[in-house]
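> Here you go, this is run-v2.cif (mmCIF, N, CA and C atoms).
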data_my_file
loop_
_atom_site.label_atom_id
_atom_site.label_comp_id
_atom_site.auth_asym_id
_atom_site.auth_seq_id
_atom_site.Cartn_x
_atom_site.Cartn_y
_atom_site.Cartn_z
N MET B 1 152.03 -268.94 17.87
CA MET B 1 152.92 -267.81 18.08
C MET B 1 152.77 -267.38 19.53
N GLY B 2 153.77 -267.63 20.32
CA GLY B 2 153.74 -267.28 21.72
C GLY B 2 154.59 -266.06 22.01
N PHE B 3 154.25 -265.39 23.07
CA PHE B 3 155.03 -264.22 23.49
C PHE B 3 155.92 -264.63 24.64
N SER B 4 157.18 -264.27 24.54
CA SER B 4 158.09 -264.55 25.64
C SER B 4 158.04 -263.40 26.65
N THR B 5 158.73 -263.57 27.74
CA THR B 5 158.74 -262.55 28.79
C THR B 5 159.38 -261.26 28.28
N THR B 6 160.42 -261.39 27.49
CA THR B 6 161.09 -260.17 26.97
C THR B 6 160.17 -259.41 26.03
N HIS B 7 159.38 -260.11 25.23
CA HIS B 7 158.43 -259.44 24.35
C HIS B 7 157.41 -258.64 25.15
N LEU B 8 156.90 -259.24 26.22
CA LEU B 8 155.91 -258.56 27.06
C LEU B 8 156.50 -257.34 27.75
N ILE B 9 157.74 -257.45 28.23
CA ILE B 9 158.39 -256.31 28.89
C ILE B 9 158.60 -255.17 27.90
N ILE B 10 159.06 -255.48 26.70
CA ILE B 10 159.25 -254.45 25.68
C ILE B 10 157.93 -253.80 25.33
N PHE B 11 156.86 -254.59 25.22
CA PHE B 11 155.53 -254.06 24.93
C PHE B 11 155.06 -253.11 26.03
N LEU B 12 155.25 -253.48 27.28
CA LEU B 12 154.85 -252.62 28.39
C LEU B 12 155.66 -251.33 28.42
N VAL B 13 156.94 -251.40 28.14
CA VAL B 13 157.77 -250.19 28.10
C VAL B 13 157.30 -249.25 27.00
N ILE B 14 156.96 -249.77 25.85
CA ILE B 14 156.46 -248.94 24.74
C ILE B 14 155.13 -248.29 25.14
N ILE B 15 154.24 -249.03 25.77
CA ILE B 15 152.95 -248.48 26.21
C ILE B 15 153.17 -247.35 27.21
N ILE B 16 154.11 -247.54 28.16
CA ILE B 16 154.39 -246.51 29.16
C ILE B 16 154.97 -245.27 28.51
N VAL B 17 155.83 -245.46 27.52
CA VAL B 17 156.43 -244.30 26.84
C VAL B 17 155.36 -243.54 26.05
N ILE B 18 154.46 -244.25 25.40
CA ILE B 18 153.44 -243.59 24.58
C ILE B 18 152.43 -242.85 25.46
N PHE B 19 151.87 -243.51 26.46
CA PHE B 19 150.81 -242.91 27.25
C PHE B 19 151.29 -242.16 28.49
N GLY B 20 152.36 -242.58 29.07
CA GLY B 20 152.85 -241.96 30.30
C GLY B 20 152.22 -242.60 31.51
N THR B 21 152.91 -242.51 32.63
CA THR B 21 152.44 -243.19 33.84
C THR B 21 151.20 -242.52 34.42
N LYS B 22 151.10 -241.19 34.30
CA LYS B 22 149.95 -240.50 34.87
C LYS B 22 148.66 -240.89 34.17
N LYS B 23 148.69 -240.95 32.86
CA LYS B 23 147.49 -241.32 32.11
C LYS B 23 147.13 -242.79 32.37
N LEU B 24 148.13 -243.65 32.47
CA LEU B 24 147.85 -245.06 32.75
C LEU B 24 147.26 -245.21 34.16
N ARG B 25 147.73 -244.43 35.11
CA ARG B 25 147.19 -244.47 36.47
C ARG B 25 145.74 -244.02 36.47
N ASN B 26 145.43 -242.97 35.71
CA ASN B 26 144.05 -242.49 35.62
C ASN B 26 143.14 -243.52 34.97
N ILE B 27 143.63 -244.16 33.93
CA ILE B 27 142.84 -245.20 33.25
C ILE B 27 142.57 -246.35 34.20
N GLY B 28 143.60 -246.75 34.98
CA GLY B 28 143.43 -247.84 35.93
C GLY B 28 142.43 -247.51 37.01
N SER B 29 142.50 -246.29 37.55
CA SER B 29 141.55 -245.92 38.61
C SER B 29 140.13 -245.78 38.05
N ASP B 30 139.99 -245.28 36.84
CA ASP B 30 138.66 -245.19 36.23
C ASP B 30 138.07 -246.57 35.99
N LEU B 31 138.91 -247.48 35.51
CA LEU B 31 138.44 -248.84 35.26
C LEU B 31 138.06 -249.53 36.57
N GLY B 32 138.86 -249.34 37.60
CA GLY B 32 138.55 -249.92 38.91
C GLY B 32 137.26 -249.37 39.48
N GLY B 33 137.04 -248.06 39.32
CA GLY B 33 135.79 -247.46 39.80
C GLY B 33 134.58 -247.98 39.05
N ALA B 34 134.75 -248.21 37.76
CA ALA B 34 133.64 -248.73 36.96
C ALA B 34 133.29 -250.15 37.39
N VAL B 35 134.30 -250.97 37.63
CA VAL B 35 134.05 -252.35 38.06
C VAL B 35 133.39 -252.36 39.44
N LYS B 36 133.85 -251.50 40.34
CA LYS B 36 133.26 -251.43 41.69
C LYS B 36 131.81 -250.98 41.61
N GLY B 37 131.52 -249.97 40.76
CA GLY B 37 130.16 -249.52 40.59
C GLY B 37 129.25 -250.60 40.02
N PHE B 38 129.80 -251.38 39.09
CA PHE B 38 129.02 -252.47 38.50
C PHE B 38 128.69 -253.53 39.55
N LYS B 39 129.69 -253.89 40.36
CA LYS B 39 129.46 -254.89 41.40
C LYS B 39 128.45 -254.39 42.42
N ASP B 40 128.53 -253.12 42.81
CA ASP B 40 127.57 -252.56 43.76
C ASP B 40 126.17 -252.55 43.17
N GLY B 41 126.06 -252.23 41.88
CA GLY B 41 124.76 -252.24 41.22
C GLY B 41 124.17 -253.63 41.16
N MET B 42 125.00 -254.63 40.90
CA MET B 42 124.50 -256.00 40.87
C MET B 42 124.07 -256.44 42.26
N LYS B 43 124.81 -256.03 43.28
CA LYS B 43 124.48 -256.40 44.66
C LYS B 43 123.17 -255.73 45.07
N ASP B 44 122.97 -254.47 44.71
CA ASP B 44 121.73 -253.76 45.04
C ASP B 44 120.54 -254.37 44.32
N GLY B 45 120.72 -254.78 43.09
CA GLY B 45 119.63 -255.37 42.32
C GLY B 45 119.15 -256.68 42.91
N THR B 46 120.07 -257.52 43.36
CA THR B 46 119.66 -258.79 43.97
C THR B 46 119.08 -258.55 45.34
N ALA B 47 119.53 -257.54 46.07
CA ALA B 47 118.99 -257.25 47.40
C ALA B 47 117.55 -256.76 47.28
N GLU B 48 117.26 -255.95 46.28
CA GLU B 48 115.90 -255.45 46.09
C GLU B 48 114.95 -256.59 45.75
N LYS B 49 115.37 -257.52 44.92
CA LYS B 49 114.50 -258.63 44.53
C LYS B 49 114.18 -259.52 45.73
N THR B 50 115.17 -259.81 46.55
CA THR B 50 114.91 -260.66 47.70
C THR B 50 114.10 -259.94 48.75
N ALA B 51 114.22 -258.62 48.83
CA ALA B 51 113.45 -257.86 49.82
C ALA B 51 111.98 -257.76 49.39
N GLU B 52 111.72 -257.72 48.09
CA GLU B 52 110.36 -257.57 47.60
C GLU B 52 109.53 -258.84 47.80
N THR B 53 110.07 -260.00 47.46
CA THR B 53 109.31 -261.24 47.53
C THR B 53 110.13 -262.35 48.18
N PRO B 54 110.28 -262.31 49.48
CA PRO B 54 110.95 -263.44 50.13
C PRO B 54 110.04 -264.66 50.12
N ALA B 55 110.62 -265.82 50.01
CA ALA B 55 109.82 -267.04 49.89
C ALA B 55 109.01 -267.32 51.14
N ALA B 56 109.48 -266.92 52.30
CA ALA B 56 108.75 -267.20 53.54
C ALA B 56 107.48 -266.36 53.67
N ASN B 57 107.42 -265.20 53.01
CA ASN B 57 106.26 -264.32 53.17
C ASN B 57 105.22 -264.47 52.06
N LEU B 58 105.38 -265.43 51.19
CA LEU B 58 104.39 -265.63 50.14
C LEU B 58 103.12 -266.21 50.73
N PRO B 59 101.95 -265.75 50.27
CA PRO B 59 100.70 -266.27 50.83
C PRO B 59 100.47 -267.71 50.40
N ALA B 60 99.88 -268.47 51.30
CA ALA B 60 99.55 -269.86 50.99
C ALA B 60 98.33 -269.88 50.09
N THR B 61 98.29 -270.78 49.14
CA THR B 61 97.14 -270.88 48.25
C THR B 61 96.03 -271.64 48.95
N GLU B 62 94.85 -271.11 48.82
CA GLU B 62 93.69 -271.75 49.44
C GLU B 62 92.93 -272.53 48.37
N LYS B 63 92.55 -273.72 48.72
CA LYS B 63 91.81 -274.54 47.77
C LYS B 63 90.32 -274.41 48.05
N VAL B 64 89.56 -274.23 46.98
CA VAL B 64 88.12 -274.13 47.10
C VAL B 64 87.54 -275.35 46.39
N ASP B 65 86.80 -276.16 47.12
CA ASP B 65 86.18 -277.37 46.58
C ASP B 65 87.22 -278.30 45.96
N GLY B 66 88.40 -278.35 46.52
CA GLY B 66 89.42 -279.26 46.03
C GLY B 66 90.13 -278.80 44.77
N LYS B 67 89.80 -277.59 44.33
CA LYS B 67 90.43 -277.08 43.12
C LYS B 67 91.41 -275.98 43.48
N SER B 68 92.40 -275.82 42.68
CA SER B 68 93.36 -274.74 42.92
C SER B 68 92.74 -273.41 42.48
N PRO B 69 93.27 -272.27 42.94
CA PRO B 69 92.70 -270.98 42.57
C PRO B 69 92.70 -270.73 41.06
N ILE B 70 93.64 -271.34 40.37
CA ILE B 70 93.67 -271.18 38.92
C ILE B 70 93.19 -272.49 38.32
N ASP B 71 92.02 -272.46 37.73
CA ASP B 71 91.43 -273.66 37.15
C ASP B 71 91.31 -273.45 35.65
N VAL B 72 91.98 -274.24 34.89
CA VAL B 72 92.00 -274.09 33.44
C VAL B 72 91.59 -275.38 32.79
N GLU B 73 90.70 -275.27 31.83
CA GLU B 73 90.32 -276.44 31.05
C GLU B 73 91.02 -276.35 29.70
N VAL B 74 91.55 -277.46 29.27
CA VAL B 74 92.26 -277.51 28.00
C VAL B 74 91.40 -278.28 27.02
N LYS B 75 91.15 -277.65 25.88
CA LYS B 75 90.38 -278.31 24.82
C LYS B 75 91.30 -278.51 23.63
N ILE B 76 91.28 -279.67 23.08
CA ILE B 76 92.13 -279.99 21.94
C ILE B 76 91.30 -279.81 20.67
N LYS B 77 91.85 -279.02 19.74
CA LYS B 77 91.17 -278.82 18.47
C LYS B 77 91.51 -279.98 17.54
N SER B 78 90.48 -280.48 16.83
CA SER B 78 90.70 -281.59 15.91
C SER B 78 90.90 -281.11 14.51
#
How does this structure look as structure tokens?

Amino acid sequence: MGFSTTHLIIFLVIIIVIFGTKKLRNIGSDLGGAVKGFKDGMKDGTAEKTAETPAANLPATEKVDGKSPIDVEVKIKS
């Protein structure tokens, strides 16, 4: 079941009559502001993560007696 262009135009006219152009404009601006706020929040979140731990500033691991700083022995239970 597909919608033709005339069906979509009639649907839009009915929506405009029911809600009015002022309310639709307010809904559009509110939705746009919410999307912009979301994008800014996502951008700030990734900027904070990269500022906290950049890969170039990570300390080099020092080996002691040829072993890594984290030495774990694994024992298998029979």
> Quick one, how far is atom CA of Arg25 of chain B from atom CA of Val13 of chain B?
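Taking atom CA of Arg25 of chain B and atom CA of Val13 of chain B, their separation equals 14.7 Å.
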> Could you check how far atom CA of Ile15 of chain B sits from atom CA of Phe3 of chain B, in Å to one decimal?
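If I compute the distance from atom CA of Ile15 of chain B to atom CA of Phe3 of chain B, I get 16.1 Å.
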> One decimal, in Å: what's the spacing between atom N of Ile16 of chain B and atom C of Gly2 of chain B?
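Answer for the atom N of Ile16 of chain B to atom C of Gly2 of chain B separation: 19.5 Å.
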